[in-house]
Amino acid sequence: MENDEVVHVSATVIEHAQRPRNYGKPTLANGHARITGECGDTMEMWVMVRDEVVERASFTTDGCAPSLACGSIATTLAEGKSLEDAASVSQDDIVQALGGLPTEVVHCAALASATLRAACENYAKAVAQRRQPASSSEGAHCGSCTDRSCTAQNRRPNETEEEFAQRQKLEQRLCRIRHKIVVLSGKGGVGKSTVAVNLAVGLAQDGCTVGLLDVDFHGPSVPTMLGLEGQKPYSHDGELIPVERNGVKVLSLGFFLESPDDAVIWRGPMKVGVIRQLLQDGAWGDLDFLVIDCPPGTGDEPLSVFQLLGKVDGAVIVTTPQRVAEIDVRKSITFCRKLSVPVLGVVENMGAFACPHCGKTTAILRDGAGKRIAEEMRIRYLGSIPVDPLVAETSDDGSPIIETYPDSAAGLSLRRTVDEIGRLVAAGASHATCDTEDKQKETHDANRHPHS
Ligand code: ADP
């Protein structure tokens, strides 16, 4: 027995190995990494970053006690730190926090440190990808733009000088917006504006520059939902300066209406003119994302939005999960396909109830119906947001739930949905539709019945 060495391990190592903190895959994370170390152990880590701070970190490992202890302490050290500081948690920091480690297992600390750093870097990369300039011409703006293929370069044969000038102005504006996401619904009251507002605020929380355009003539509720009632964008040098709130530039029809009934009595061409003006004259500047809260349905107003916007990254369709809503979702999808607009997916709202007392979420409408609609229509399912009294309360108070109660059931669902939409858009709209076969069929059908 004289060769046997007694290896001393600290009480902290034993404690973290026996009762690891932050163990397991979380429901919500926006940074992730998986690394296999030289010893053959694989560690996975997830971070949830908000406003550049690691709010939560968690891990799993297939290694044994020291690996558990190192993952546990590394994630504990990361929480509450800035992204930069969390990414810098080193092997030495981990060993020191554990009160020392036997030399032969120090590699576990190196693995935990490397995995944490990679998870933080992957988060930063994803955000940077969402923020990349759209093309080499972006930033140059029209005066110095060299993109010969740009449709704003030349007057079309059927265009008057004035129409050309207007189109150029609009395209110059849109050229500086990297991603455009249109939020649609088959009918009103399903939570379209709620999703649009939380999407815009959630993307801004990720560090993106965001605009939110509310052209829902049936009830422009964005000013209320963002606590901007009574505010007015001001005009400067022929531009409309959006109202800014926590990094989101907002223009809404609601800012211009004396009474909520005003817009409803406008005629079609007037509505198109207003949508054009908000897009064209809005001083949006360089944006990573413009989220558009569209009028519900598949009529002239949403059609004008798509026609004016030109190329968009995709549409998010919001629905409730009843059978009658399914018909509307179907119509919205066909509408997008006819216009060659990629459908990013469907968000199911108010299918379940998040009880404020017991915290449990219970299906109140048709359980899983949103998922089934998405499967049948071969589009992505972007998540389900439960009925949560906090959603209605925060909307009325002008402080979106993703900001005020991010850990509530609806707050977490919305965050997951925002992350999924951000990820899909950053990956490229061409990957955003599930099916090509179905699209071809729809196009074929549309060609046979162009007005159906
Ligand atoms: P739409 O834009 O489709 O007309 P809104 O987003 O304006 O719908 O939502 C209609 C009403 O329903 C608002 O008062 C909103 O606060 C409320 N609401 C939306 N989603 C939820 C939800 N998940 N839980 C509770 N209330 C909700």
# chains A, B, ... in the order shown; residues from 1 in each chain; ligands from 1
call {"tool": "residues_near_ligand", "arguments": {"ligand": "ligand 1", "cutoff": "7 Å", "atoms": "only C-alpha atoms and all ligand atoms", "output": "list of chain:residue names"}}
result
A:Ser185, A:Lys187, A:Gly188, A:Gly189, A:Val190, A:Gly191, A:Lys192, A:Ser193, A:Thr194, A:Val195, A:Gly219, A:Ser221, A:Asn349, A:Met350, A:Ile385, A:Pro386, A:Val387, A:Asp388, A:Pro389, A:Leu390, A:Val391, A:Ala392, A:Glu393, A:Ser395, A:Asp396, A:Ala410
call {"tool": "residues_around", "arguments": {"residues": "range 14-22 of chain A", "least_positions_apart": "6", "cutoff": "9 Å", "atoms": "only C-alpha atoms", "output": "number ranges by chain"}}
result
A: 56-60, 64-73, 75-76, 98
call {"tool": "residues_around", "arguments": {"residues": "Ala152 in chain A", "least_positions_apart": "5", "cutoff": "8 Å", "atoms": "only C-alpha atoms", "output": "NGL selection string"}}
result
:A and (167-168 or 171-172)
call {"tool": "write_last_selection", "arguments": {"atoms": "N, CA and C atoms", "output": "PDB file, in the first residue's frame"}}
result
ATOM      1  N   ARG A 167     -40.245  56.400 -55.830  1.00  0.00           N
ATOM      2  CA  ARG A 167     -39.778  55.007 -55.672  1.00  0.00           C
ATOM      3  C   ARG A 167     -38.317  54.982 -55.199  1.00  0.00           C
ATOM      4  N   GLN A 168     -37.539  55.892 -55.772  1.00  0.00           N
ATOM      5  CA  GLN A 168     -36.125  55.955 -55.367  1.00  0.00           C
ATOM      6  C   GLN A 168     -36.006  56.265 -53.878  1.00  0.00           C
ATOM      7  N   GLU A 171     -36.980  53.187 -51.905  1.00  0.00           N
ATOM      8  CA  GLU A 171     -35.981  52.103 -51.975  1.00  0.00           C
ATOM      9  C   GLU A 171     -34.691  52.473 -51.237  1.00  0.00           C
ATOM     10  N   GLN A 172     -34.361  53.762 -51.271  1.00  0.00           N
ATOM     11  CA  GLN A 172     -33.169  54.204 -50.522  1.00  0.00           C
ATOM     12  C   GLN A 172     -33.372  53.979 -49.031  1.00  0.00           C
TER      13      GLN A 172
END
call {"tool": "atom_distance", "arguments": {"atom1": "CA of Val49 in chain A", "atom2": "CA of Gly207 in chain A"}}
result
10.6 Å
call {"tool": "atom_distance", "arguments": {"atom1": "CA of Val210 in chain A", "atom2": "CA of Leu308 in chain A"}}
result
19.0 Å
call {"tool": "closest_residue", "arguments": {"among": "A:Ala196, A:Val106, A:Ala325, A:Leu170", "to": "Ala283 in chain A", "atoms": "only C-alpha atoms"}}
result
A:Leu170
call {"tool": "decode", "arguments": {"residues": "range 208-311 of chain A", "atoms": "C-alpha atoms", "output": "tab-separated table (two decimals), in the first residue's frame"}}
result
chain	number	residue	atom	x	y	z
A	208	CYS	CA	-30.00	44.85	-32.47
A	209	THR	CA	-31.16	48.18	-33.88
A	210	VAL	CA	-34.89	47.80	-34.38
A	211	GLY	CA	-37.79	49.69	-35.92
A	212	LEU	CA	-41.45	48.92	-35.34
A	213	LEU	CA	-44.01	50.09	-37.88
A	214	ASP	CA	-47.64	49.77	-36.87
A	215	VAL	CA	-50.00	50.04	-39.83
A	216	ASP	CA	-52.88	48.10	-38.31
A	217	PHE	CA	-55.80	50.29	-39.38
A	218	HIS	CA	-58.21	48.13	-37.42
A	219	GLY	CA	-56.69	49.14	-34.09
A	220	PRO	CA	-53.20	50.62	-33.97
A	221	SER	CA	-52.43	49.47	-30.43
A	222	VAL	CA	-48.63	49.77	-30.47
A	223	PRO	CA	-48.53	53.22	-28.76
A	224	THR	CA	-50.58	51.82	-25.86
A	225	MET	CA	-48.55	48.62	-25.63
A	226	LEU	CA	-45.31	50.61	-25.46
A	227	GLY	CA	-46.57	53.36	-23.16
A	228	LEU	CA	-46.29	55.97	-25.92
A	229	GLU	CA	-49.86	57.22	-25.99
A	230	GLY	CA	-50.10	60.94	-26.60
A	231	GLN	CA	-46.64	61.11	-28.19
A	232	LYS	CA	-46.18	62.41	-31.71
A	233	PRO	CA	-43.31	61.85	-34.12
A	234	TYR	CA	-42.04	65.22	-35.29
A	235	SER	CA	-41.17	66.32	-38.78
A	236	HIS	CA	-37.71	67.52	-39.63
A	237	ASP	CA	-36.42	68.31	-43.14
A	238	GLY	CA	-39.28	66.37	-44.72
A	239	GLU	CA	-38.61	63.34	-42.55
A	240	LEU	CA	-40.76	61.82	-39.84
A	241	ILE	CA	-38.66	61.20	-36.75
A	242	PRO	CA	-39.86	57.99	-35.07
A	243	VAL	CA	-40.58	57.98	-31.35
A	244	GLU	CA	-37.78	56.04	-29.67
A	245	ARG	CA	-38.27	53.74	-26.70
A	246	ASN	CA	-35.52	51.56	-25.24
A	247	GLY	CA	-33.74	51.20	-28.56
A	248	VAL	CA	-36.89	50.64	-30.65
A	249	LYS	CA	-37.83	53.30	-33.22
A	250	VAL	CA	-41.60	53.39	-33.45
A	251	LEU	CA	-43.97	54.80	-36.04
A	252	SER	CA	-47.63	53.99	-35.63
A	253	LEU	CA	-50.84	55.13	-37.24
A	254	GLY	CA	-52.04	55.56	-33.69
A	255	PHE	CA	-49.78	58.61	-33.28
A	256	PHE	CA	-51.74	60.46	-35.96
A	257	LEU	CA	-55.33	59.63	-35.11
A	258	GLU	CA	-57.50	62.01	-33.17
A	259	SER	CA	-59.85	59.14	-32.40
A	260	PRO	CA	-59.38	55.37	-32.82
A	261	ASP	CA	-62.32	55.38	-35.29
A	262	ASP	CA	-60.59	57.77	-37.70
A	263	ALA	CA	-58.57	55.23	-39.69
A	264	VAL	CA	-61.50	52.89	-40.25
A	265	ILE	CA	-63.31	55.42	-42.43
A	266	TRP	CA	-60.31	56.06	-44.68
A	267	ARG	CA	-60.59	54.85	-48.24
A	268	GLY	CA	-58.23	52.23	-49.68
A	269	PRO	CA	-55.95	54.60	-51.66
A	270	MET	CA	-55.61	56.84	-48.60
A	271	LYS	CA	-54.50	53.87	-46.52
A	272	VAL	CA	-51.91	52.88	-49.13
A	273	GLY	CA	-50.68	56.48	-49.21
A	274	VAL	CA	-50.27	56.51	-45.43
A	275	ILE	CA	-48.38	53.20	-45.36
A	276	ARG	CA	-46.09	54.51	-48.10
A	277	GLN	CA	-45.49	57.75	-46.24
A	278	LEU	CA	-44.60	56.04	-42.98
A	279	LEU	CA	-42.14	53.77	-44.78
A	280	GLN	CA	-40.72	56.38	-47.12
A	281	ASP	CA	-40.58	59.45	-44.93
A	282	GLY	CA	-39.79	57.68	-41.66
A	283	ALA	CA	-36.24	58.48	-40.57
A	284	TRP	CA	-35.48	54.85	-39.82
A	285	GLY	CA	-31.74	55.13	-40.40
A	286	ASP	CA	-29.73	51.91	-40.46
A	287	LEU	CA	-31.73	49.12	-38.89
A	288	ASP	CA	-30.97	45.48	-38.24
A	289	PHE	CA	-34.70	44.71	-38.12
A	290	LEU	CA	-37.92	46.40	-39.08
A	291	VAL	CA	-40.95	44.64	-37.59
A	292	ILE	CA	-44.23	45.53	-39.27
A	293	ASP	CA	-47.53	45.08	-37.46
A	294	CYS	CA	-49.75	44.55	-40.47
A	295	PRO	CA	-53.52	44.98	-40.76
A	296	PRO	CA	-55.24	41.58	-40.27
A	297	GLY	CA	-56.62	39.54	-43.15
A	298	THR	CA	-55.53	39.15	-46.74
A	299	GLY	CA	-57.03	42.27	-48.28
A	300	ASP	CA	-55.65	45.35	-50.00
A	301	GLU	CA	-53.88	46.74	-46.95
A	302	PRO	CA	-51.52	43.83	-46.21
A	303	LEU	CA	-51.08	43.47	-49.99
A	304	SER	CA	-49.90	47.10	-50.17
A	305	VAL	CA	-47.51	46.53	-47.28
A	306	PHE	CA	-45.80	43.68	-49.15
A	307	GLN	CA	-45.82	45.53	-52.48
A	308	LEU	CA	-44.21	48.60	-50.94
A	309	LEU	CA	-41.67	46.63	-48.94
A	310	GLY	CA	-40.47	44.57	-51.91
A	311	LYS	CA	-38.24	41.82	-50.59
